[in-house]
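Working notes for the structure below.
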Amino acid sequence: MTQAEIKLCSLLLHEHFGEIVEKIGTHLVRTGSQALRVIASDTGLLLDQVKKALCVLIQHNLVTFQLQKRGWVEYEAQCGRVLRILRYPRYIYTAKTLYGDTGELIVEELLLNGQLTMSAVVRKVADRLTETMEDGKTMDYTDVSNTFVRLADTHFVQRCPLVPESPQSPEVPPPPAPTLVINEKDMYVVPRLNLIGKGKRRRSCEEEDDGEPRAKKQKQEGESSEPPPDDGIYWQVNIDRFHQHFRDQAIVSAVANRMDQTSSEIVRTMLRMSEVTTSSGAPYTQPLSSNEIFRSLPAGYNIVKQVLDQYLTLLADDPLEFVGKSGDSGGGMYTVSIFWGFGSRCARIFRLLLRKKHLEQKQVEDFAMIPAKEAKEMLYKMLSENFVSLQEIPKTPDHAPSRTFYLYTVNVPAAARMLLHRCYKSVANLMERRQFETKENKRLLEKSQRVEAILASMQATGAEAAQLQEIEEMITAPERQQLETLKRNVNKIDASENQVDETIFVLESFIESTVKRP
């Protein structure tokens, strides 16, 4: 765990959950697993505050707990999961692209709440969609349920682990902490719910016809109502599945750039056919026959079977090995290789070293066709920045410089880890800059919010245009210009964060692919 990662975790926790949760989360990230009272003692917080903060972190899958052999429970922060908060906007946008506004809000609600039952998600999303509709129109629960089922069928949402049912015995006390389990067969099985109803608007439900406050009536109804049929079955966003989708999109884009649109569509079809059956960490997709691929091609691609076989052969023979051939049955069995490449846009010397592996300085000058002085400066600069490394091969045991070969090379995994570290630092700097911009203009932002609230209230009561204009003039022209500048700067910072996160995803995927699995 580097200092850059710890700092970024701290900023993300503070921004999304507040000071107390950030203090507990950062402490666990720094120290590793700890017991409850040790956490309270080390952080100086009240035991009740620590308990509530841990509940929030566990609810959002940012902390796990485990019962130790000696009988106490230890809590451990999931640093990688905390860093994924940075990618939440991308998950939500992807859900919107694939499943529309309903899918977007389902994923957003699950990310905002950490874990929710399906019935709760359906009601929340239906209410939110109804709020955006024209008067007289509502969102049916059935439509939201159908989108939820599609998300579960494609594994974008999954069940949370549950406490196994066991007979309670008065003689045997319950353990200090439950052991959560999940059956893989049931992970994406949606419970059969008969959810009948429509979304409600807040403004039309604040007071009932009999004048009884809504909150009081809901409480009375809640006391007599039965628990929902899916009570205890909680759902969460499957982040690994979203990462698999991002990886597949990157592969399709790389094939399109390398070859043509038809080749990329063939690869896209292969990835779509095996997206549920292939695990996110697998180096290859499940083998698919040429006949299966031909039947699954989109209707718009009117290519004959012979042309498809030619394209598959070209993809399999390409040096980058996007597609591999694993057999001859069914017209030929093919897999997509999950391969990540670096260096396509790097400097000429860096590309040369990637290709040639080891070169002396003179060889770099000759192959790259760069003047000696310039090549020397560039190599030394890249060496100081850890982009390249120097390997000594002595001719004699005394390691005399005159009788030693000095070879430049690129350690790609080390370079990727170094770049990843810099990306984490960049995101942390961007977040601090956004906080600084907001803090510097805090008074103006509060004034703008007050004016907007007054305007909304007056518009609801049917105020005249002159009165509304008078309220708008409470913010002067220079202040409006300052607000516009602030908005533009914050939008640029947000866009920069998303761009850096895309680089982080590629680097993390490459580093993970280089780790040898048992």
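Here, A, B, ... name the chains of the structure tokens in the order displayed, residue numbers run from 1 inside each chain, and ligands are numbered from 1 in the same displayed order.
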Any idea what's packed within 12 Å of stretch 120-128 of chain A, counting only C-alpha atoms, ignoring anything in its chain fewer than 3 positions away? Could you give it as a PyMOL selection string? chain A and resi 101-117+131-133+137-149+157+193-205+227-236
Spatial neighbours of stretch 185-187 of chain A, 9 Å, only C-alpha atoms, chain gap at least 4 places, as an MDAnalysis selection string: chainID A and resid 152 155 158:161
With N, CA, C and O atoms retained, write the just-selected residues as a PDB file, in the first residue's frame.
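As a result, again_7.pdb now contains:
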ATOM      1  N   ALA A 152     -29.508  -8.647 -13.607  1.00  0.00           N
ATOM      2  CA  ALA A 152     -29.083  -9.858 -12.901  1.00  0.00           C
ATOM      3  C   ALA A 152     -28.715 -10.969 -13.876  1.00  0.00           C
ATOM      4  O   ALA A 152     -27.726 -11.696 -13.672  1.00  0.00           O
ATOM      5  N   HIS A 155     -25.391 -10.431 -15.060  1.00  0.00           N
ATOM      6  CA  HIS A 155     -24.447 -10.450 -13.939  1.00  0.00           C
ATOM      7  C   HIS A 155     -23.915  -9.065 -13.551  1.00  0.00           C
ATOM      8  O   HIS A 155     -22.880  -8.974 -12.890  1.00  0.00           O
ATOM      9  N   GLN A 158     -25.588  -8.626  -8.309  1.00  0.00           N
ATOM     10  CA  GLN A 158     -25.518  -9.967  -7.731  1.00  0.00           C
ATOM     11  C   GLN A 158     -25.981  -9.930  -6.281  1.00  0.00           C
ATOM     12  O   GLN A 158     -26.016  -8.877  -5.644  1.00  0.00           O
ATOM     13  N   ARG A 159     -26.336 -11.127  -5.780  1.00  0.00           N
ATOM     14  CA  ARG A 159     -26.763 -11.228  -4.386  1.00  0.00           C
ATOM     15  C   ARG A 159     -25.587 -11.036  -3.438  1.00  0.00           C
ATOM     16  O   ARG A 159     -24.452 -11.394  -3.749  1.00  0.00           O
ATOM     17  N   CYS A 160     -25.882 -10.514  -2.260  1.00  0.00           N
ATOM     18  CA  CYS A 160     -24.869 -10.400  -1.209  1.00  0.00           C
ATOM     19  C   CYS A 160     -24.832 -11.698  -0.405  1.00  0.00           C
ATOM     20  O   CYS A 160     -25.847 -12.407  -0.312  1.00  0.00           O
ATOM     21  N   PRO A 161     -23.687 -12.025   0.190  1.00  0.00           N
ATOM     22  CA  PRO A 161     -23.625 -13.210   1.061  1.00  0.00           C
ATOM     23  C   PRO A 161     -24.605 -13.086   2.225  1.00  0.00           C
ATOM     24  O   PRO A 161     -24.868 -11.994   2.727  1.00  0.00           O
TER      25      PRO A 161
END
Out of stretch 348-499 of chain A, which residues get helix (DSSP H, G or I) from DSSP, as a PyMOL selection string? chain A and resi 348-356+361-368+372-384+401-403+412-440+442-460+465-472+477-499
Which residues, written as a PyMOL selection string, have at least one atom at most 10 Å from A:Tyr75, with only C-alpha atoms counted and residues fewer than 5 positions away on the same chain left out? chain A and resi 28+32-36+39+54+58+63-67
Proximity to A:Asn498 - best of A:Asp248, A:Thr335, A:Asn386, A:Cys423, only C-alpha atoms: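 Among the listed residues, A:Cys423 lies closest to A:Asn498.
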Compile the contact shell of A:Leu180 as a ChimeraX atom specification: residues with an atom at most 7 Å away, counting only C-alpha atoms, same-chain residues fewer than 5 positions apart removed. /A:161-164
Suppose you want the space between atom CA of A:Val38 and atom CA of A:His16; what is it in Å? 24.7 Å
